[in-house]
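Undergrad: File final18.cif follows (mmCIF, C-alpha atoms and all ligand atoms):
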data_run
#
loop_
_atom_site.label_atom_id
_atom_site.label_comp_id
_atom_site.auth_asym_id
_atom_site.auth_seq_id
_atom_site.Cartn_x
_atom_site.Cartn_y
_atom_site.Cartn_z
CA MET O 6 45.63 121.28 -5.48
CA LYS O 7 47.96 119.70 -2.96
CA THR O 8 47.46 120.78 0.61
CA ARG O 9 50.40 121.29 2.96
CA SER O 10 49.72 118.05 4.85
CA HIS O 11 49.44 116.20 1.54
CA LYS O 12 52.86 117.56 0.54
CA ARG O 13 54.35 116.32 3.81
CA ALA O 14 53.23 112.75 2.99
CA LEU O 15 55.47 112.76 -0.11
CA LYS O 16 58.89 111.23 0.39
CA THR O 17 61.52 109.88 -1.95
CA LEU O 18 61.61 106.14 -2.46
CA GLU O 19 65.17 105.95 -1.20
CA ARG O 20 64.22 107.69 2.04
CA ILE O 21 61.19 105.52 2.63
CA LEU O 22 63.25 102.35 2.35
CA SER O 23 65.90 103.54 4.75
CA LYS O 24 63.35 104.91 7.25
CA ALA O 25 61.68 101.51 7.29
CA GLY O 26 64.85 100.25 8.96
CA LEU O 27 65.96 98.16 5.99
CA GLY O 28 69.40 99.69 5.62
CA SER O 29 71.32 102.82 4.76
CA ARG O 30 70.29 105.21 1.99
CA THR O 31 73.24 104.01 -0.10
CA GLU O 32 71.98 100.43 0.20
CA ALA O 33 68.45 101.58 -0.59
CA ARG O 34 69.68 103.27 -3.79
CA ARG O 35 71.44 100.07 -4.84
CA TRP O 36 68.32 97.92 -4.27
CA ILE O 37 66.21 100.38 -6.23
CA HIS O 38 68.68 100.30 -9.18
CA GLN O 39 68.64 96.50 -8.99
CA GLY O 40 64.87 96.55 -9.61
CA ARG O 41 63.94 95.03 -6.26
CA VAL O 42 61.46 97.76 -5.37
CA GLN O 43 57.91 98.26 -6.67
CA ILE O 44 55.45 101.08 -6.30
CA ASN O 45 51.84 99.97 -6.78
CA GLY O 46 53.01 96.81 -8.54
CA THR O 47 55.43 98.52 -10.97
CA VAL O 48 59.21 98.24 -10.64
CA VAL O 49 60.66 101.71 -10.10
CA GLN O 50 64.40 102.22 -10.55
CA HIS O 51 64.64 105.91 -9.64
CA PRO O 52 65.71 106.49 -6.03
CA ASP O 53 64.23 110.01 -6.15
CA ALA O 54 60.75 108.87 -7.24
CA TRP O 55 58.09 110.49 -5.07
CA VAL O 56 55.95 108.24 -2.95
CA ASP O 57 52.71 109.35 -1.32
CA LEU O 58 52.51 107.37 1.89
CA THR O 59 48.76 107.86 2.17
CA ARG O 60 48.12 106.27 -1.23
CA ASP O 61 51.05 104.33 -2.68
CA ARG O 62 52.00 100.79 -1.75
CA VAL O 63 55.72 100.02 -1.76
CA ARG O 64 57.07 96.48 -1.94
CA PHE O 65 60.66 95.33 -1.46
CA ASP O 66 61.49 91.89 -2.86
CA GLY O 67 57.75 91.41 -3.23
CA ARG O 68 56.94 92.04 0.45
CA PRO O 69 54.89 95.06 1.49
CA LEU O 70 57.00 97.62 3.23
CA GLU O 71 54.31 98.53 5.72
CA ALA O 72 54.50 95.01 7.13
CA ARG O 73 58.09 95.66 8.13
CA GLU O 74 57.60 99.21 9.14
CA ARG O 75 56.67 99.05 12.79
CA LEU O 76 56.90 95.97 14.93
CA SER O 77 56.90 95.87 18.70
CA ILE O 78 56.88 92.74 20.80
CA LEU O 79 56.86 91.87 24.44
CA LEU O 80 59.18 89.01 25.40
CA TYR O 81 59.26 87.17 28.72
CA LYS O 82 63.03 86.98 29.03
CA PRO O 83 64.22 84.05 31.12
CA THR O 84 67.35 84.34 33.29
CA GLY O 85 70.53 83.28 31.50
CA TYR O 86 69.80 85.26 28.32
CA LEU O 87 71.63 88.45 27.34
CA THR O 88 69.86 91.44 25.85
CA THR O 89 72.76 92.08 23.41
CA TYR O 90 72.79 90.95 19.79
CA ARG O 91 75.92 88.80 19.91
CA ASP O 92 77.99 87.59 22.81
CA PRO O 93 81.73 86.99 22.26
CA GLU O 94 81.45 84.14 24.81
CA GLY O 95 78.62 82.53 22.86
CA ARG O 96 76.01 82.75 25.62
CA PRO O 97 72.34 82.71 24.60
CA THR O 98 70.73 86.05 23.75
CA VAL O 99 67.14 87.23 23.41
CA TYR O 100 67.59 86.88 19.63
CA ASP O 101 67.72 83.09 20.13
CA LEU O 102 64.14 83.34 21.44
CA THR O 103 62.86 85.45 18.55
CA THR O 104 64.31 83.63 15.53
CA SER O 105 60.94 83.56 13.77
CA ILE O 106 60.98 87.38 13.53
CA LYS O 107 62.71 88.38 10.33
CA THR O 108 62.76 92.14 11.01
CA PHE O 109 65.59 93.50 13.12
CA LEU O 110 64.24 94.54 16.52
CA SER O 111 66.22 96.24 19.27
CA PRO O 112 65.69 95.55 22.96
CA VAL O 113 64.34 98.62 24.76
CA GLY O 114 66.53 99.09 27.80
CA ARG O 115 68.46 96.30 29.46
CA LEU O 116 67.65 93.39 31.66
CA ASP O 117 70.59 91.76 33.44
CA LEU O 118 71.61 88.20 32.63
CA ASP O 119 70.15 87.12 35.99
CA THR O 120 66.94 89.14 35.69
CA SER O 121 63.85 87.72 34.02
CA GLY O 122 60.64 89.35 32.90
CA LEU O 123 59.14 91.80 30.50
CA LEU O 124 61.34 93.08 27.70
CA VAL O 125 60.02 95.20 24.85
CA MET O 126 61.75 94.75 21.48
CA THR O 127 60.91 97.12 18.66
CA ASN O 128 61.98 98.85 15.47
CA ASP O 129 59.67 101.75 16.32
CA THR O 130 61.79 104.62 17.54
CA GLN O 131 58.79 106.36 19.09
CA ILE O 132 58.06 103.39 21.34
CA ALA O 133 61.73 102.99 22.30
CA GLU O 134 62.10 106.68 23.01
CA ARG O 135 58.93 106.73 25.10
CA ILE O 136 60.20 103.98 27.41
CA THR O 137 63.85 104.99 27.66
CA ASN O 138 63.73 108.78 27.70
CA PRO O 139 64.49 109.71 31.34
CA GLU O 140 62.03 112.61 31.04
CA SER O 141 59.14 110.17 30.47
CA HIS O 142 59.55 108.61 33.94
CA VAL O 143 57.70 105.51 32.76
CA PRO O 144 57.38 103.29 35.86
CA LYS O 145 58.84 99.80 35.82
CA THR O 146 57.65 97.27 38.37
CA TYR O 147 59.79 94.41 39.68
CA LEU O 148 59.23 91.49 42.02
CA VAL O 149 62.27 91.02 44.24
CA LYS O 150 63.29 88.21 46.56
CA ALA O 151 65.75 89.79 48.98
CA SER O 152 68.44 87.65 50.59
CA THR O 153 67.43 88.75 54.13
CA VAL O 154 64.28 89.74 55.96
CA LEU O 155 63.93 93.50 55.38
CA THR O 156 62.60 95.78 58.13
CA ASP O 157 59.93 98.41 57.56
CA GLU O 158 62.65 101.01 57.96
CA GLN O 159 64.68 99.46 55.14
CA LEU O 160 61.62 99.46 52.87
CA GLN O 161 61.06 103.11 53.72
CA ARG O 162 64.63 103.90 52.63
CA LEU O 163 63.88 102.31 49.24
CA ARG O 164 60.78 104.53 48.97
CA ASP O 165 62.52 107.74 49.99
CA GLY O 166 65.57 107.38 47.73
CA ILE O 167 68.86 105.54 48.06
CA PRO O 168 72.16 107.36 47.54
CA LEU O 169 73.96 105.41 44.79
CA ARG O 170 77.29 106.33 43.19
CA ASP O 171 75.37 107.90 40.27
CA GLY O 172 73.10 109.93 42.59
CA LEU O 173 70.02 109.61 44.76
CA THR O 174 67.29 107.37 43.35
CA ARG O 175 63.89 108.93 42.68
CA PRO O 176 61.04 108.04 45.05
CA ALA O 177 59.86 104.45 44.57
CA THR O 178 56.68 102.57 45.42
CA VAL O 179 57.46 99.55 47.60
CA THR O 180 55.05 96.90 48.88
CA ARG O 181 55.98 94.03 51.17
CA LEU O 182 54.47 90.92 49.59
CA ARG O 183 55.52 88.30 52.14
CA ASP O 184 58.27 87.25 54.51
CA SER O 185 59.65 83.80 55.17
CA SER O 186 61.99 83.06 58.05
CA LYS O 187 64.96 84.11 55.86
CA TYR O 188 63.74 86.26 52.98
CA THR O 189 61.49 89.18 52.13
CA HIS O 190 59.58 89.37 48.84
CA VAL O 191 58.77 92.92 47.72
CA GLU O 192 57.22 94.63 44.75
CA ILE O 193 59.11 97.76 43.79
CA THR O 194 58.24 100.35 41.16
CA VAL O 195 60.92 102.75 39.96
CA THR O 196 60.69 105.54 37.40
CA GLU O 197 64.29 105.42 36.22
CA GLY O 198 66.27 102.94 34.18
CA ARG O 199 69.77 103.08 35.59
CA ASN O 200 72.12 100.18 35.14
CA ARG O 201 71.41 97.41 37.71
CA GLN O 202 69.39 99.94 39.66
CA VAL O 203 67.12 97.64 41.66
CA ARG O 204 69.97 95.30 42.56
CA ARG O 205 72.10 98.24 43.71
CA MET O 206 69.22 99.64 45.80
CA ILE O 207 68.82 96.29 47.58
CA GLU O 208 72.60 96.00 48.02
CA ALA O 209 72.63 99.45 49.66
CA LEU O 210 70.47 97.89 52.39
CA GLY O 211 73.11 95.21 53.04
CA ALA O 212 71.17 92.46 51.22
CA HIS O 213 71.07 91.29 47.62
CA ALA O 214 68.40 90.35 45.12
CA LEU O 215 68.20 86.55 44.89
CA LYS O 216 65.47 86.82 42.30
CA LEU O 217 64.42 89.81 40.17
CA VAL O 218 61.51 89.74 37.73
CA ARG O 219 60.18 92.72 35.78
CA VAL O 220 56.40 92.43 35.57
CA GLN O 221 55.26 95.79 34.22
CA ILE O 222 56.45 98.77 32.15
CA GLY O 223 53.93 101.62 32.27
CA PRO O 224 50.69 100.16 30.91
CA LEU O 225 52.36 96.93 29.66
CA ARG O 226 52.00 93.84 31.85
CA ILE O 227 53.60 90.46 31.53
CA GLY O 228 50.22 88.78 32.30
CA THR O 229 50.04 85.09 31.44
CA LEU O 230 52.77 85.09 28.79
CA PRO O 231 54.85 81.91 29.32
CA ILE O 232 58.52 82.36 30.15
CA GLY O 233 60.72 82.45 27.03
CA LYS O 234 57.76 83.36 24.77
CA TRP O 235 56.85 86.60 23.02
CA ARG O 236 53.75 88.26 21.66
CA HIS O 237 52.99 91.38 19.64
CA LEU O 238 52.06 94.55 21.49
CA THR O 239 48.38 95.21 20.83
CA ASP O 240 47.22 98.46 19.22
CA GLU O 241 45.63 99.37 22.56
CA GLU O 242 48.93 98.82 24.40
CA ILE O 243 50.82 100.94 21.89
CA ALA O 244 48.26 103.75 22.17
CA ALA O 245 48.31 103.53 25.99
CA LEU O 246 52.10 103.66 26.03
CA LEU O 247 52.29 106.67 23.74
CA GLN O 248 49.62 108.51 25.76
CA PHE O 249 51.05 107.43 29.09
CA ARG O 250 51.39 110.17 31.66
CA SER O 251 53.44 109.27 34.67
CA MET O 252 51.71 109.78 38.04
CA PRO O 253 53.78 111.20 40.88
CA LEU O 254 54.88 108.36 43.19
N1 LIG U 301 67.34 96.64 37.84
C1 LIG U 301 68.31 95.74 37.97
O1 LIG U 301 69.05 95.74 38.94
N2 LIG U 301 68.46 94.83 37.00
C2 LIG U 301 67.66 94.76 35.93
O2 LIG U 301 67.86 93.90 35.08
C3 LIG U 301 66.66 95.72 35.80
C4 LIG U 301 66.52 96.65 36.77
#
For the structure just supplied, provide its representation as structure tokens.
Ligand code: URA
TA:
Amino acid sequence: MKTRSHKRALKTLERILSKAGLGSRTEARRWIHQGRVQINGTVVQHPDAWVDLTRDRVRFDGRPLEARERLSILLYKPTGYLTTYRDPEGRPTVYDLTTSIKTFLSPVGRLDLDTSGLLVMTNDTQIAERITNPESHVPKTYLVKASTVLTDEQLQRLRDGIPLRDGLTRPATVTRLRDSSKYTHVEITVTEGRNRQVRRMIEALGAHALKLVRVQIGPLRIGTLPIGKWRHLTDEEIAALLQFRSMPL
């Protein structure tokens, strides 16, 4: 007898293909009719065929579907690359750095053209949602080179919250890394993802960010990944991200 949870694992073939991010359900139906889809090695041309995800193996054009199902990478985005798919002006995008990946991945959140550092790209909606949902408050850590020497009082303002046109920023963690005669280098951790947020916070102090590098998102660190390169998220990183509980700053 089928248990309730067993029943829940049954989905139609058409739905499984579209949920895997391959295309719309209409497209999925067409591919199935064209004989491009196999269940357990047999071509199945009925879009409404039941598939048991715990047992059946689906292939599309001979490739296992599971292989395409969930893919998450961490890219060290250099400056000068956009996080959009196509640029009308023809500037390079992060997709130029990930051409070997044949599955469509979306960048999770933005990094400005002039910002470098850690960018997650995924087709896993759970991962994307976890990082971008404002309720999650997943901390993001940046290294900033400010265009002036910042006083302790200015750093305290960054910690306490800066009034920006879209509201007061949440408390931030700020550490002075070093000063030169002209510049201050700080590490700043914010738990929001507003557009150009760190740059606008520094600008509110009367300075600007000469260099901005994102080095961490929650439990994910850029580590020794070379600039312009990517790697898969490990199973441990994915588990840590999904279990991540934000600590009060
Ligand atoms: N804050 C910014 O100002 N820019 C980024 O790219 C990311 C965070």
Undergrad: Could I get the residues of chain O with an atom no further than 8 Å from an atom of ligand LIG 301 (chain U), each paired with its nearest atom pair and that distance in Å to one decimal, using only C-alpha atoms and all ligand atoms, sorted by chain and residue number, as a tab-separated table?
TA:
residue	atom	partner	partner_atom	distance
O:Arg115	CA	U:LIG301	O2	6.1
O:Leu116	CA	U:LIG301	O2	3.5
O:Asp117	CA	U:LIG301	O2	3.8
O:Leu118	CA	U:LIG301	O2	7.2
O:Asp119	CA	U:LIG301	O2	7.2
O:Thr120	CA	U:LIG301	O2	4.9
O:Ser121	CA	U:LIG301	O2	7.4
O:Tyr147	CA	U:LIG301	C4	7.7
O:Gly198	CA	U:LIG301	C4	6.8
O:Arg199	CA	U:LIG301	N1	7.2
O:Asn200	CA	U:LIG301	C1	6.5
O:Arg201	CA	U:LIG301	O1	3.1
O:Gln202	CA	U:LIG301	O1	4.3
O:Val203	CA	U:LIG301	O1	3.8
O:Arg204	CA	U:LIG301	O1	3.8
O:Arg205	CA	U:LIG301	O1	6.2
O:Met206	CA	U:LIG301	O1	7.9
O:Leu217	CA	U:LIG301	N2	7.2
O:Arg219	CA	U:LIG301	C3	7.1
Undergrad: Measuring between all atoms listed in the file, which one of O:Leu79, O:Pro168, O:Ile44, O:Val125 shows the shortest distance to O:Val63?
TA: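 The answer is O:Ile44, which sits nearest to O:Val63.
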Undergrad: Using only C-alpha atoms, can you tell me which of O:Val191, O:Ile167, O:Leu80, O:Ile232 comes closest to O:Leu155?
TA: O:Val191
Undergrad: In Å, rounded to a single decimal, give me how far atom CA of O:Pro224 is from atom CA of O:Glu242.
TA: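 If I compute the distance from atom CA of O:Glu242 to atom CA of O:Pro224, I get 6.9 Å.
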Undergrad: Atom CA of O:Ala151 and atom CA of O:Ile207, how far apart in Å?
TA: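 If I compute the distance from atom CA of O:Ile207 to atom CA of O:Ala151, I get 7.3 Å.
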Undergrad: When you count all atoms listed in the file, which of these residues is closest to O:Thr89: O:Thr180, O:Thr103, O:Ser111, O:Gln43?
TA: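 The shortest atom-to-atom distance to O:Thr89 comes from O:Ser111.
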